Amino acid sequence: MASISTDFNYDDMDKSTPVLIMGGRENALSLVRRFGAAGIITRVSGPRDCWGMNSRFCSSSYPVPRNQSDEAFWQQLLLTDNHPELDNSLLIPGSDVAINFIATNRDKLQSRFLMVDNTAEMELALLDKRQTLKLAKSAGVATPNFWDARNENDLDRIRQSIVFPVMVKPITSHEFIRVFGQKLFIIEKDFDKLAEKVRLSWSENLEVMVIEMIPGPDSQLSSYYTYIDKHHQSHFDYTKCIVRRYPVNRGLACFHKNTWLPDTANAGRQFFQGIGFTGFGNIEFKLDPRDNVLKVIEANARFTAAQEMIVQSGAPIDFIYYCVATGQPAPQFSSYNENLTYWYGLRDLLAFLQMKKSGSITTRQWIQSLFPFKHVSPLHSFNDPYPSIAAITARVEKTVLNLL
């Protein structure tokens with residue numbers, strides 16, 4: 001079970017600094033519920049699927065219009081004098097788009113808002129998937145093999161060296177998702193197909209690279225989280241693992257598990273300390289069965305979708321973030337409840353059906369994996385039902401529009 005520092009009193013915490021959460025979905029909802037319930041003025045701005053805007057704990061929301069990009073809307077919201085109520089807010093990015101906006105405009109924003117101790121260069125480097133792998137190598141942390149794919153010469157050069165299966169992976173994910181509706185392309189064995197997907201990306205002015213796929217199931221994925229302040233002191237260590245993703249081996253996680261993984265923590269510390277990182281960060285690894293080495297998948301300078309599972313396990317990383325950013329003593333934890341899981345029921349059922357078809361799991365094994373039934377919901381809360389209602393309504397509307 002979690003071990004929280006006994007000398008920290010949440011009632012005595014200075015809660016006068018308001019918060020503005022920018023974008024995100026599960027992470028934004030968890031943050032607004034926790035901060036709002038604690039008495040912190042918490043505002044949210046994002047596109048329609050930003051669940052936190054519908055929470056009863058959201059003091060006010062600033063939805064991005066359908067016909068406008070997040071960046072263009074935030075230009076008006078944060079870089080003009082139209083909203084003085086936002087002055088001195090702590091900006092918390094919930095999405096890659098928000099990180100990019102904050103990094104690109106950090107010099108202008110820091111005169112009006114509070115942000116974590118980081119640099120625009122580092123924030124942008126972690127958004128750049130190729131640069132992240134290069135940083136990992138510089139810190140002595142293992143990575144999959146990867147190849148540049150900037151032009152036809154690069155394609156000719158890698159033809160003889162790559163080993164399938166591989167991924168065509170964007171340098172910046174949020175732009176790729178905006179165009180193709182997915183994070184990457186997977187190529188099983190056909191170089192012509194690989195070249196086709198690379199050229200398709202070029203046609204949309206998207207820069208990509210080719211990266212090898214580490215073999216093995218999604219359960220070999222694990223993540224490390226920390227917050228490193230401007231004095232380069234780490235305020236916590238936390239790890240979790242993935243049980244399943246959907247679609248298998250390429251989609252978003254649908255089943256997370258709290259668990260302490262010393263090797264993942266050591267690799268994560270080596271990465272963040274080795275690159276001189278400050279602020280809030282997380283990094284994902286996959287264990288390569290060919291050499292039994294953890295290899296970097298990606299890193300982020302923001303909260304992730306698993307946020308509610310993390311805090312319900314007794315790891316108050318949200319309040320650590322708030323306290324360190326506002327210059328206060330922060331809570332501490334040395335352990336957490338490793339029995340909690342984070343479960344997307346429908347998507348996990350689809351993952352099971354896909355895995356059963358390939359023979360990698362049986363019905364009995366899937367049912368057994370769901371117990372003990374201590375799952376945290378990414379969305380639903382009896383104490384705050386409006387985000388669930390809004391999400392269901394949006395899904396119904398989307399389905400109707402698709403049928404018309």
# chains A, B, ... in the order shown; residues from 1 in each chain; ligands from 1
call {"tool": "select_by_dssp", "arguments": {"residues": "segment 261-316 of chain A", "states": "helix (DSSP H, G or I)", "output": "ChimeraX atom specification"}}
result
/A:262-274,307-312
call {"tool": "write_last_selection", "arguments": {"atoms": "N, CA and C atoms", "output": "short mmCIF file (atom, residue, chain, number, x, y, z; two decimals), in the first residue's frame"}}
result
data_model
loop_
_atom_site.label_atom_id
_atom_site.label_comp_id
_atom_site.auth_asym_id
_atom_site.auth_seq_id
_atom_site.Cartn_x
_atom_site.Cartn_y
_atom_site.Cartn_z
N PRO A 262 12.27 -2.11 -10.63
CA PRO A 262 13.57 -1.47 -10.38
C PRO A 262 14.39 -1.23 -11.63
N ASP A 263 14.39 -2.17 -12.56
CA ASP A 263 15.19 -2.00 -13.79
C ASP A 263 14.65 -0.85 -14.63
N THR A 264 13.32 -0.74 -14.69
CA THR A 264 12.72 0.38 -15.44
C THR A 264 13.05 1.70 -14.76
N ALA A 265 12.99 1.73 -13.43
CA ALA A 265 13.33 2.96 -12.70
C ALA A 265 14.78 3.34 -12.92
N ASN A 266 15.68 2.38 -12.90
CA ASN A 266 17.09 2.69 -13.11
C ASN A 266 17.35 3.23 -14.51
N ALA A 267 16.71 2.62 -15.51
CA ALA A 267 16.88 3.09 -16.88
C ALA A 267 16.29 4.49 -17.05
N GLY A 268 15.14 4.73 -16.41
CA GLY A 268 14.50 6.04 -16.49
C GLY A 268 15.35 7.12 -15.84
N ARG A 269 15.90 6.82 -14.65
CA ARG A 269 16.78 7.78 -13.99
C ARG A 269 18.00 8.09 -14.85
N GLN A 270 18.58 7.06 -15.43
CA GLN A 270 19.76 7.25 -16.27
C GLN A 270 19.45 8.16 -17.45
N PHE A 271 18.26 8.00 -18.05
CA PHE A 271 17.87 8.84 -19.17
C PHE A 271 17.72 10.30 -18.75
N PHE A 272 16.87 10.57 -17.76
CA PHE A 272 16.56 11.94 -17.40
C PHE A 272 17.77 12.66 -16.79
N GLN A 273 18.53 11.96 -15.95
CA GLN A 273 19.72 12.59 -15.38
C GLN A 273 20.79 12.79 -16.45
N GLY A 274 20.89 11.83 -17.38
CA GLY A 274 21.91 11.90 -18.40
C GLY A 274 21.70 13.03 -19.39
N GLN A 307 -3.07 8.70 -15.47
CA GLN A 307 -2.93 9.57 -14.30
C GLN A 307 -3.84 9.17 -13.13
N GLU A 308 -5.10 8.86 -13.39
CA GLU A 308 -6.03 8.56 -12.29
C GLU A 308 -5.62 7.29 -11.56
N MET A 309 -5.14 6.28 -12.27
CA MET A 309 -4.66 5.07 -11.61
C MET A 309 -3.48 5.38 -10.70
N ILE A 310 -2.59 6.24 -11.18
CA ILE A 310 -1.39 6.57 -10.41
C ILE A 310 -1.76 7.22 -9.08
N VAL A 311 -2.63 8.23 -9.13
CA VAL A 311 -2.94 8.95 -7.90
C VAL A 311 -3.82 8.13 -6.97
N GLN A 312 -4.72 7.30 -7.52
CA GLN A 312 -5.53 6.46 -6.66
C GLN A 312 -4.71 5.37 -5.97
#
call {"tool": "closest_atom_pairs", "arguments": {"of": "segment 200-266 of chain A", "to": "segment 283-292 of chain A", "cutoff": "9 Å", "atoms": "only C-alpha atoms", "output": "JSON lines"}}
result
{"residue": "A:Ile214", "atom": "CA", "partner": "A:Asp288", "partner_atom": "CA", "distance": 6.0}
{"residue": "A:Pro215", "atom": "CA", "partner": "A:Asp288", "partner_atom": "CA", "distance": 6.8}
{"residue": "A:Gly216", "atom": "CA", "partner": "A:Pro289", "partner_atom": "CA", "distance": 7.0}
{"residue": "A:Asp218", "atom": "CA", "partner": "A:Lys286", "partner_atom": "CA", "distance": 8.2}
{"residue": "A:Ser219", "atom": "CA", "partner": "A:Lys286", "partner_atom": "CA", "distance": 8.7}
{"residue": "A:Gln220", "atom": "CA", "partner": "A:Leu287", "partner_atom": "CA", "distance": 5.3}
{"residue": "A:Leu221", "atom": "CA", "partner": "A:Lys286", "partner_atom": "CA", "distance": 4.4}
{"residue": "A:Ser222", "atom": "CA", "partner": "A:Phe285", "partner_atom": "CA", "distance": 5.4}
{"residue": "A:Ser223", "atom": "CA", "partner": "A:Glu284", "partner_atom": "CA", "distance": 4.3}
{"residue": "A:Tyr224", "atom": "CA", "partner": "A:Ile283", "partner_atom": "CA", "distance": 5.4}
{"residue": "A:Tyr225", "atom": "CA", "partner": "A:Ile283", "partner_atom": "CA", "distance": 6.7}
{"residue": "A:Thr264", "atom": "CA", "partner": "A:Phe285", "partner_atom": "CA", "distance": 7.5}
call {"tool": "write_last_selection", "arguments": {"atoms": "C-alpha atoms", "output": "compact mmCIF listing (two decimals), in the first residue's frame"}}
result
# COMPACT_ATOMS: atom_id res chain seq x y z
CA ILE A 214 10.97 -4.91 -30.87
CA PRO A 215 9.46 -8.41 -30.83
CA GLY A 216 7.26 -9.69 -28.05
CA ASP A 218 2.68 -5.55 -25.19
CA SER A 219 3.13 -6.81 -21.62
CA GLN A 220 6.87 -6.11 -22.06
CA LEU A 221 6.13 -2.36 -22.05
CA SER A 222 6.82 -0.37 -18.89
CA SER A 223 7.10 3.29 -17.92
CA TYR A 224 8.96 5.46 -15.42
CA TYR A 225 7.78 8.85 -14.06
CA THR A 264 12.72 0.38 -15.44
call {"tool": "atom_distance", "arguments": {"atom1": "atom CA of Phe373 of chain A", "atom2": "atom CA of Thr393 of chain A"}}
result
27.5 Å
call {"tool": "residues_around", "arguments": {"residues": "Asp229 of chain A", "least_positions_apart": "6", "cutoff": "10 Å", "atoms": "only C-alpha atoms", "output": "number ranges by chain"}}
result
A: 116-118, 235, 277-280, 321, 324-325
call {"tool": "atom_distance", "arguments": {"atom1": "atom CA of Gly23 of chain A", "atom2": "atom CA of Val44 of chain A"}}
result
7.5 Å
call {"tool": "atom_distance", "arguments": {"atom1": "atom CA of Tyr386 of chain A", "atom2": "atom CA of Ala351 of chain A"}}
result
27.8 Å
call {"tool": "residues_around", "arguments": {"residues": "Thr132 of chain A", "least_positions_apart": "3", "cutoff": "12 Å", "atoms": "only C-alpha atoms", "output": "number ranges by chain"}}
result
A: 121-129, 135-139, 141-144, 146, 171-172, 271-272, 275, 277, 283-284, 295-301
call {"tool": "residues_around", "arguments": {"residues": "Asp87 of chain A", "least_positions_apart": "2", "cutoff": "7 Å", "atoms": "only C-alpha atoms", "output": "list in words"}}
result
Pro84, Glu85, Ser89, Arg112 and Phe113 of chain A
call {"tool": "write_last_selection", "arguments": {"atoms": "N, CA and C atoms", "output": "CSV table (one decimal), in the first residue's frame"}}
result
chain,number,residue,atom,x,y,z
A,84,PRO,N,-8.0,38.5,-18.4
A,84,PRO,CA,-7.1,38.8,-17.2
A,84,PRO,C,-7.3,37.8,-16.1
A,85,GLU,N,-8.4,37.1,-16.0
A,85,GLU,CA,-8.7,36.1,-15.0
A,85,GLU,C,-7.7,35.0,-15.0
A,89,SER,N,-1.7,32.1,-13.6
A,89,SER,CA,-2.1,30.7,-13.6
A,89,SER,C,-0.9,29.8,-13.8
A,112,ARG,N,3.7,36.2,-17.8
A,112,ARG,CA,2.3,36.3,-17.3
A,112,ARG,C,1.9,35.0,-16.6
A,113,PHE,N,2.5,33.9,-16.9
A,113,PHE,CA,2.1,32.6,-16.3
A,113,PHE,C,3.2,31.9,-15.6
call {"tool": "residues_around", "arguments": {"residues": "Asn337 of chain A", "least_positions_apart": "2", "cutoff": "10 Å", "atoms": "only C-alpha atoms", "output": "PyMOL selection string"}}
result
chain A and resi 1-3+258-260+309-315+335+339-341
call {"tool": "write_last_selection", "arguments": {"atoms": "N, CA and C atoms", "output": "short mmCIF file (atom, residue, chain, number, x, y, z; two decimals), in the first residue's frame"}}
result
data_model
loop_
_atom_site.label_atom_id
_atom_site.label_comp_id
_atom_site.auth_asym_id
_atom_site.auth_seq_id
_atom_site.Cartn_x
_atom_site.Cartn_y
_atom_site.Cartn_z
N MET A 1 0.84 -1.20 0.00
CA MET A 1 0.00 0.00 0.00
C MET A 1 0.87 1.25 0.00
N ALA A 2 0.26 2.37 -0.33
CA ALA A 2 1.00 3.61 -0.45
C ALA A 2 1.52 4.08 0.90
N SER A 3 2.66 4.74 0.86
CA SER A 3 3.24 5.32 2.06
C SER A 3 3.45 6.80 1.82
N ASN A 258 -0.33 -0.94 -11.94
CA ASN A 258 0.65 -0.37 -11.02
C ASN A 258 1.63 -1.46 -10.60
N THR A 259 2.90 -1.23 -10.78
CA THR A 259 3.88 -2.19 -10.28
C THR A 259 5.24 -1.52 -10.22
N TRP A 260 6.01 -1.84 -9.19
CA TRP A 260 7.35 -1.27 -9.04
C TRP A 260 8.35 -2.14 -9.79
N MET A 309 -5.14 6.28 -12.27
CA MET A 309 -4.66 5.07 -11.61
C MET A 309 -3.48 5.38 -10.70
N ILE A 310 -2.59 6.24 -11.18
CA ILE A 310 -1.39 6.57 -10.41
C ILE A 310 -1.76 7.22 -9.08
N VAL A 311 -2.63 8.23 -9.13
CA VAL A 311 -2.94 8.95 -7.90
C VAL A 311 -3.82 8.13 -6.97
N GLN A 312 -4.72 7.30 -7.52
CA GLN A 312 -5.53 6.46 -6.66
C GLN A 312 -4.71 5.37 -5.97
N SER A 313 -3.55 5.07 -6.53
CA SER A 313 -2.68 4.09 -5.88
C SER A 313 -1.95 4.68 -4.69
N GLY A 314 -2.06 5.99 -4.49
CA GLY A 314 -1.38 6.63 -3.37
C GLY A 314 -0.13 7.37 -3.74
N ALA A 315 0.07 7.62 -5.03
CA ALA A 315 1.23 8.38 -5.51
C ALA A 315 0.76 9.77 -5.95
N SER A 335 6.17 4.19 -1.52
CA SER A 335 5.57 3.01 -2.14
C SER A 335 4.14 3.34 -2.51
N ASN A 339 -1.83 -3.20 -6.47
CA ASN A 339 -2.95 -4.07 -6.86
C ASN A 339 -3.95 -3.37 -7.78
N LEU A 340 -3.83 -2.04 -7.93
CA LEU A 340 -4.77 -1.31 -8.77
C LEU A 340 -4.40 -1.44 -10.24
N THR A 341 -5.42 -1.51 -11.08
CA THR A 341 -5.23 -1.53 -12.52
C THR A 341 -6.12 -0.46 -13.17
#
call {"tool": "residues_around", "arguments": {"residues": "Tyr344 of chain A", "least_positions_apart": "6", "cutoff": "10 Å", "atoms": "only C-alpha atoms", "output": "MDAnalysis selection string"}}
result
chainID A and resid 245:246 253:256 375:379
call {"tool": "closest_residue", "arguments": {"among": "A:Arg130, A:Gln328, A:Trp147, A:Arg178", "to": "Ser69 of chain A", "atoms": "only C-alpha atoms"}}
result
A:Arg178
call {"tool": "closest_residue", "arguments": {"among": "A:Ser45, A:Ser30, A:Asn67, A:Thr17", "to": "Gly327 of chain A", "atoms": "only C-alpha atoms"}}
result
A:Thr17
call {"tool": "closest_residue", "arguments": {"among": "A:Cys50, A:Val243, A:Ile228, A:Val293", "to": "Gly276 of chain A", "atoms": "only C-alpha atoms"}}
result
A:Ile228
call {"tool": "closest_residue", "arguments": {"among": "A:Ile177, A:Leu155, A:Leu90, A:Ile320", "to": "Lys193 of chain A", "atoms": "only C-alpha atoms"}}
result
A:Leu155
call {"tool": "select_by_dssp", "arguments": {"residues": "segment 106-248 of chain A", "states": "strand (DSSP E or B)", "output": "ChimeraX atom specification"}}
result
/A:114,146-149,166-170,185-187,208-212,221-228,234,238-246
call {"tool": "write_last_selection", "arguments": {"atoms": "N, CA and C atoms", "output": "short mmCIF file (atom, residue, chain, number, x, y, z; two decimals), in the first residue's frame"}}
result
data_model
loop_
_atom_site.label_atom_id
_atom_site.label_comp_id
_atom_site.auth_asym_id
_atom_site.auth_seq_id
_atom_site.Cartn_x
_atom_site.Cartn_y
_atom_site.Cartn_z
N LEU A 114 2.82 30.93 -14.78
CA LEU A 114 3.78 30.08 -14.09
C LEU A 114 3.88 28.76 -14.84
N PHE A 146 17.16 2.54 -35.63
CA PHE A 146 16.31 3.46 -36.38
C PHE A 146 17.12 4.10 -37.50
N TRP A 147 16.40 4.52 -38.54
CA TRP A 147 17.03 5.05 -39.74
C TRP A 147 16.30 6.32 -40.19
N ASP A 148 17.07 7.29 -40.64
CA ASP A 148 16.48 8.49 -41.21
C ASP A 148 15.74 8.16 -42.50
N ALA A 149 14.66 8.88 -42.76
CA ALA A 149 13.91 8.72 -44.01
C ALA A 149 13.47 10.10 -44.48
N VAL A 166 9.09 -3.36 -39.33
CA VAL A 166 9.50 -2.02 -38.94
C VAL A 166 8.28 -1.11 -38.87
N MET A 167 8.50 0.05 -38.31
CA MET A 167 7.46 1.08 -38.24
C MET A 167 7.91 2.31 -39.01
N VAL A 168 6.98 2.93 -39.70
CA VAL A 168 7.19 4.28 -40.21
C VAL A 168 6.61 5.20 -39.13
N LYS A 169 7.49 5.87 -38.42
CA LYS A 169 7.07 6.62 -37.23
C LYS A 169 7.30 8.11 -37.44
N PRO A 170 6.33 8.92 -37.10
CA PRO A 170 6.48 10.37 -37.29
C PRO A 170 7.49 10.95 -36.31
N PHE A 185 2.71 3.78 -39.00
CA PHE A 185 2.42 2.69 -39.92
C PHE A 185 3.34 1.51 -39.58
N ILE A 186 2.80 0.30 -39.60
CA ILE A 186 3.60 -0.89 -39.38
C ILE A 186 3.74 -1.65 -40.69
N ILE A 187 4.95 -1.97 -41.05
CA ILE A 187 5.24 -2.72 -42.27
C ILE A 187 5.85 -4.05 -41.87
N VAL A 208 9.29 11.72 -41.17
CA VAL A 208 9.20 10.41 -40.52
C VAL A 208 10.58 9.76 -40.46
N MET A 209 10.65 8.69 -39.68
CA MET A 209 11.83 7.84 -39.64
C MET A 209 11.36 6.39 -39.69
N VAL A 210 12.27 5.49 -39.91
CA VAL A 210 11.97 4.07 -39.90
C VAL A 210 12.63 3.48 -38.66
N ILE A 211 11.88 2.70 -37.91
CA ILE A 211 12.38 2.17 -36.66
C ILE A 211 11.99 0.70 -36.53
N GLU A 212 12.91 -0.11 -36.04
CA GLU A 212 12.62 -1.53 -35.92
C GLU A 212 11.57 -1.78 -34.85
N LEU A 221 6.04 -3.81 -22.13
CA LEU A 221 6.13 -2.36 -22.05
C LEU A 221 6.03 -1.89 -20.61
N SER A 222 6.86 -0.94 -20.24
CA SER A 222 6.82 -0.37 -18.89
C SER A 222 7.22 1.10 -18.95
N SER A 223 6.85 1.85 -17.92
CA SER A 223 7.10 3.29 -17.92
C SER A 223 7.63 3.76 -16.57
N TYR A 224 8.41 4.83 -16.62
CA TYR A 224 8.96 5.46 -15.42
C TYR A 224 8.55 6.93 -15.42
N TYR A 225 8.20 7.46 -14.23
CA TYR A 225 7.78 8.85 -14.06
C TYR A 225 8.63 9.50 -12.96
N THR A 226 8.89 10.80 -13.13
CA THR A 226 9.60 11.54 -12.10
C THR A 226 9.34 13.03 -12.25
N TYR A 227 9.72 13.80 -11.24
CA TYR A 227 9.76 15.26 -11.31
C TYR A 227 11.12 15.69 -10.79
N ILE A 228 11.88 16.39 -11.63
CA ILE A 228 13.21 16.86 -11.26
C ILE A 228 13.18 18.38 -11.23
N SER A 234 15.37 14.92 -7.69
CA SER A 234 14.20 14.14 -8.08
C SER A 234 13.25 14.02 -6.89
N TYR A 238 8.31 6.51 -9.88
CA TYR A 238 7.11 5.68 -10.03
C TYR A 238 7.24 4.88 -11.32
N THR A 239 6.81 3.62 -11.29
CA THR A 239 6.78 2.80 -12.50
C THR A 239 5.45 2.07 -12.62
N LYS A 240 5.10 1.74 -13.85
CA LYS A 240 3.92 0.93 -14.13
C LYS A 240 4.22 0.08 -15.36
N CYS A 241 3.31 -0.84 -15.67
CA CYS A 241 3.49 -1.66 -16.87
C CYS A 241 2.17 -1.73 -17.64
N ILE A 242 2.28 -2.21 -18.87
CA ILE A 242 1.13 -2.43 -19.72
C ILE A 242 0.79 -3.91 -19.72
N VAL A 243 -0.49 -4.23 -19.63
CA VAL A 243 -0.95 -5.62 -19.76
C VAL A 243 -1.36 -5.89 -21.20
N ARG A 244 -2.21 -4.98 -21.76
CA ARG A 244 -2.64 -5.14 -23.15
C ARG A 244 -2.85 -3.78 -23.80
N ARG A 245 -2.75 -3.78 -25.14
CA ARG A 245 -3.09 -2.61 -25.95
C ARG A 245 -4.07 -3.04 -27.04
N TYR A 246 -4.79 -2.06 -27.56
CA TYR A 246 -5.65 -2.34 -28.71
C TYR A 246 -5.55 -1.18 -29.70
#
call {"tool": "closest_residue", "arguments": {"among": "A:Asp348, A:Glu175, A:Asp190, A:Asp318", "to": "Val248 of chain A", "atoms": "only C-alpha atoms"}}
result
A:Asp348
call {"tool": "closest_residue", "arguments": {"among": "A:Ser111, A:Val19, A:Gln76, A:Leu91", "to": "Ser60 of chain A", "atoms": "only C-alpha atoms"}}
result
A:Val19
